[in-house]
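First comes the structure, then the notes that go with it.
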Amino acid sequence: DLEITPIEVMHYNLPIFAYRIGNFAYITDAKTISQEEEKKLQGVEYLVVNALRKEEHFSHFTLSEALALIKRLNPKQAYLTHISHYLGLHEEIQKELPPNVALAYDGLTIEV
């Protein structure tokens with residue numbers, strides 16, 4: 001009884017799918033999302049999105065790009081995934097994040 005909505009995102013010039021499942025959305029390997037596809041994410045309460053590093057990357061969201069998307073969507077809770085060691089140490093990065101954003105980790109479970 002769950003509605004699953006595919007959302008086209010761009011991984012450099014390769015279209016791939018993110019998914020919205022009820023009030024949860026999972027986006028990885030994304031660099032851009034069209035305004036039309038982003039509309040499908042409105043009202044999402046839980047969001048997982050990639051944030052590879054702080055420096056520009058040709059095929060993945062940077063930390064600032066991911067945070068801008070999170071700000072626009074305003075989920076109750078967001079988790080950053082597909083992060084590299086170039087992002088920085090967990091404790092230091094977590095201090096830079098808004099209260100509704102956390103770094104994802106292996107074994108994380110999200111109840112929706």
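FYI, nothing fancy with the structure tokens labels: chains A, B, ... in order, residues from 1 per chain, ligands from 1 as they appear.
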
With 10 Å as the cut-off and only C-alpha atoms counted, what is the closest atom pair between each nearby residue of stretch 77-97 of chain A and stretch 49-64 of chain A? Distances in Å to one decimal, ordered by chain and number, as JSON lines.
```
{"residue": "A:Ala78", "atom": "CA", "partner": "A:Val49", "partner_atom": "CA", "distance": 7.5}
{"residue": "A:Tyr79", "atom": "CA", "partner": "A:Val49", "partner_atom": "CA", "distance": 6.4}
{"residue": "A:Leu80", "atom": "CA", "partner": "A:Val49", "partner_atom": "CA", "distance": 5.2}
{"residue": "A:Thr81", "atom": "CA", "partner": "A:Asn50", "partner_atom": "CA", "distance": 4.6}
{"residue": "A:His82", "atom": "CA", "partner": "A:Asn50", "partner_atom": "CA", "distance": 4.9}
{"residue": "A:Ile83", "atom": "CA", "partner": "A:Leu52", "partner_atom": "CA", "distance": 4.1}
{"residue": "A:Ser84", "atom": "CA", "partner": "A:Leu52", "partner_atom": "CA", "distance": 5.4}
{"residue": "A:His85", "atom": "CA", "partner": "A:Arg53", "partner_atom": "CA", "distance": 7.9}
{"residue": "A:Tyr86", "atom": "CA", "partner": "A:Arg53", "partner_atom": "CA", "distance": 5.6}
{"residue": "A:Leu87", "atom": "CA", "partner": "A:Arg53", "partner_atom": "CA", "distance": 4.2}
{"residue": "A:Gly88", "atom": "CA", "partner": "A:Arg53", "partner_atom": "CA", "distance": 8.0}
{"residue": "A:Ile93", "atom": "CA", "partner": "A:Leu63", "partner_atom": "CA", "distance": 9.7}
{"residue": "A:Leu97", "atom": "CA", "partner": "A:Leu63", "partner_atom": "CA", "distance": 9.6}
```

Export of the given selection (all heavy atoms) as a compact mmCIF listing (two decimals), in the first residue's frame:
```txt
# COMPACT_ATOMS: atom_id res chain seq x y z
N ALA A 78 16.81 15.23 7.78
CA ALA A 78 17.58 14.88 6.59
C ALA A 78 18.88 14.22 7.01
O ALA A 78 19.44 14.56 8.07
CB ALA A 78 17.86 16.11 5.75
N TYR A 79 19.33 13.29 6.20
CA TYR A 79 20.60 12.60 6.44
C TYR A 79 21.46 12.73 5.19
O TYR A 79 20.96 12.58 4.07
CB TYR A 79 20.38 11.13 6.74
CG TYR A 79 19.65 10.89 8.03
CD1 TYR A 79 18.27 10.69 8.05
CD2 TYR A 79 20.33 10.89 9.24
CE1 TYR A 79 17.60 10.49 9.24
CE2 TYR A 79 19.66 10.68 10.44
CZ TYR A 79 18.30 10.49 10.42
OH TYR A 79 17.62 10.29 11.60
N LEU A 80 22.73 13.00 5.39
CA LEU A 80 23.68 13.10 4.29
C LEU A 80 24.38 11.75 4.11
O LEU A 80 24.85 11.17 5.08
CB LEU A 80 24.70 14.19 4.57
CG LEU A 80 24.12 15.58 4.82
CD1 LEU A 80 25.23 16.57 5.16
CD2 LEU A 80 23.31 16.05 3.62
N THR A 81 24.42 11.29 2.87
CA THR A 81 25.04 10.01 2.56
C THR A 81 25.96 10.17 1.37
O THR A 81 26.09 11.26 0.82
CB THR A 81 23.97 8.92 2.30
OG1 THR A 81 24.59 7.64 2.30
CG2 THR A 81 23.23 9.16 1.00
N HIS A 82 26.59 9.09 0.96
CA HIS A 82 27.52 9.10 -0.17
C HIS A 82 28.55 10.21 0.04
O HIS A 82 28.82 11.03 -0.84
CB HIS A 82 26.76 9.29 -1.49
CG HIS A 82 27.55 8.83 -2.68
ND1 HIS A 82 27.51 7.54 -3.13
CD2 HIS A 82 28.38 9.50 -3.50
CE1 HIS A 82 28.29 7.44 -4.20
NE2 HIS A 82 28.84 8.62 -4.44
N ILE A 83 29.10 10.24 1.25
CA ILE A 83 30.08 11.25 1.62
C ILE A 83 31.48 10.63 1.53
O ILE A 83 31.65 9.43 1.69
CB ILE A 83 29.82 11.81 3.03
CG1 ILE A 83 29.77 10.70 4.08
CG2 ILE A 83 28.53 12.60 3.06
CD1 ILE A 83 29.53 11.16 5.50
N SER A 84 32.45 11.46 1.26
CA SER A 84 33.83 10.97 1.17
C SER A 84 34.63 11.48 2.36
O SER A 84 34.20 12.39 3.08
CB SER A 84 34.48 11.42 -0.14
OG SER A 84 34.96 12.74 -0.03
N HIS A 85 35.81 10.93 2.50
CA HIS A 85 36.70 11.39 3.58
C HIS A 85 37.13 12.83 3.37
O HIS A 85 37.58 13.48 4.30
CB HIS A 85 37.90 10.44 3.73
CG HIS A 85 38.78 10.41 2.51
ND1 HIS A 85 38.46 9.73 1.37
CD2 HIS A 85 39.97 11.00 2.28
CE1 HIS A 85 39.42 9.88 0.48
NE2 HIS A 85 40.35 10.65 1.01
N TYR A 86 36.96 13.35 2.16
CA TYR A 86 37.30 14.75 1.90
C TYR A 86 36.31 15.72 2.55
O TYR A 86 36.59 16.91 2.65
CB TYR A 86 37.35 15.03 0.39
CG TYR A 86 38.48 14.34 -0.31
CD1 TYR A 86 38.23 13.37 -1.26
CD2 TYR A 86 39.81 14.67 -0.02
CE1 TYR A 86 39.27 12.72 -1.92
CE2 TYR A 86 40.86 14.02 -0.66
CZ TYR A 86 40.58 13.06 -1.61
OH TYR A 86 41.60 12.42 -2.25
N LEU A 87 35.15 15.23 2.97
CA LEU A 87 34.18 16.11 3.61
C LEU A 87 34.71 16.62 4.94
O LEU A 87 34.51 17.76 5.31
CB LEU A 87 32.84 15.38 3.81
CG LEU A 87 31.70 16.23 4.36
CD1 LEU A 87 31.38 17.40 3.44
CD2 LEU A 87 30.46 15.37 4.58
N GLY A 88 35.39 15.76 5.67
CA GLY A 88 35.93 16.15 6.96
C GLY A 88 35.54 15.16 8.05
O GLY A 88 34.85 14.18 7.79
N ILE A 93 32.08 18.25 11.07
CA ILE A 93 31.04 18.53 10.08
C ILE A 93 29.68 18.64 10.75
O ILE A 93 28.88 19.51 10.43
CB ILE A 93 31.03 17.45 8.98
CG1 ILE A 93 32.33 17.49 8.19
CG2 ILE A 93 29.82 17.62 8.06
CD1 ILE A 93 32.62 18.81 7.50
N LEU A 97 26.14 21.65 10.64
CA LEU A 97 24.86 21.31 10.05
C LEU A 97 23.68 21.88 10.83
O LEU A 97 23.75 22.02 12.05
CB LEU A 97 24.71 19.78 9.97
CG LEU A 97 25.79 19.06 9.17
CD1 LEU A 97 25.57 17.56 9.22
CD2 LEU A 97 25.85 19.55 7.73
```

Legend entry - Spatial neighbours of A:Thr32, 7 Å, only C-alpha atoms, chain gap at least 2 places, as JSON, numbers by chain: {"A": [9, 10, 30, 34]}

Dump of all heavy atoms for the selected residues, as a PDB file, in the first residue's frame:
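Output (out-v1.pdb):
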```
ATOM      1  N   VAL A   9      16.965  12.398 -11.505  1.00  0.00           N
ATOM      2  CA  VAL A   9      18.036  13.311 -11.127  1.00  0.00           C
ATOM      3  C   VAL A   9      19.186  13.079 -12.097  1.00  0.00           C
ATOM      4  O   VAL A   9      19.238  12.064 -12.786  1.00  0.00           O
ATOM      5  CB  VAL A   9      18.487  13.094  -9.657  1.00  0.00           C
ATOM      6  CG1 VAL A   9      17.318  13.317  -8.705  1.00  0.00           C
ATOM      7  CG2 VAL A   9      19.082  11.717  -9.444  1.00  0.00           C
ATOM      8  N   MET A  10      20.091  14.030 -12.141  1.00  0.00           N
ATOM      9  CA  MET A  10      21.226  13.899 -13.064  1.00  0.00           C
ATOM     10  C   MET A  10      22.507  13.615 -12.295  1.00  0.00           C
ATOM     11  O   MET A  10      22.836  14.309 -11.333  1.00  0.00           O
ATOM     12  CB  MET A  10      21.382  15.168 -13.893  1.00  0.00           C
ATOM     13  CG  MET A  10      20.206  15.458 -14.812  1.00  0.00           C
ATOM     14  SD  MET A  10      19.844  14.147 -15.999  1.00  0.00           S
ATOM     15  CE  MET A  10      21.290  14.207 -17.031  1.00  0.00           C
ATOM     16  N   ALA A  30      23.509  12.162  -7.188  1.00  0.00           N
ATOM     17  CA  ALA A  30      22.854  13.263  -7.891  1.00  0.00           C
ATOM     18  C   ALA A  30      23.720  14.517  -7.877  1.00  0.00           C
ATOM     19  O   ALA A  30      24.421  14.796  -6.917  1.00  0.00           O
ATOM     20  CB  ALA A  30      21.510  13.576  -7.247  1.00  0.00           C
ATOM     21  N   SER A  34      15.822  18.773 -11.767  1.00  0.00           N
ATOM     22  CA  SER A  34      15.032  19.820 -12.422  1.00  0.00           C
ATOM     23  C   SER A  34      13.943  20.313 -11.473  1.00  0.00           C
ATOM     24  O   SER A  34      13.552  19.606 -10.531  1.00  0.00           O
ATOM     25  CB  SER A  34      14.388  19.278 -13.708  1.00  0.00           C
ATOM     26  OG  SER A  34      13.335  18.382 -13.386  1.00  0.00           O
TER      27      SER A  34
END
```

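The coordinates place atom CA of A:Ile7 at 5.8 Å from atom CA of A:Glu37.
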
Inset, instruction - May I ask which of the residues A:Val112, A:Tyr19, A:Asn13, A:Glu92 is the closest one to A:Glu45, counting only C-alpha atoms? - result: A:Val112

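Shortest atom-to-atom contact with A:Ile70 among A:Phe17, A:Tyr12, A:Tyr46, A:Tyr105: A:Tyr46, counting only C-alpha atoms.
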
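Proximity of A:Ala66, A:Ala25, A:Glu96, A:Leu89 to A:Ile110, computed with only C-alpha atoms, is greatest for A:Ala25.
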
Legend entry - Closest of A:Val48, A:Val101, A:Ile4, A:Leu67 to A:Arg20 - atom-to-atom distances counting only C-alpha atoms: A:Ile4

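Each of A:Ile21, A:Leu47, A:Leu73, A:Ile27 was checked against A:Glu8 using only C-alpha atoms; the smallest atom-to-atom distance is that of A:Ile27.
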
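Take atom CA of A:Pro75 and atom CA of A:Asn100: the distance between them is 7.7 Å.
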
Inset, instruction - May I have all residues of stretch 2-78 of chain A that DSSP, computed from the backbone, assigns to strand (DSSP E or B), given as a VMD selection string? - result: chain A and resid 4 to 11 14 to 21 24 to 27 32 46 to 50 77 to 78
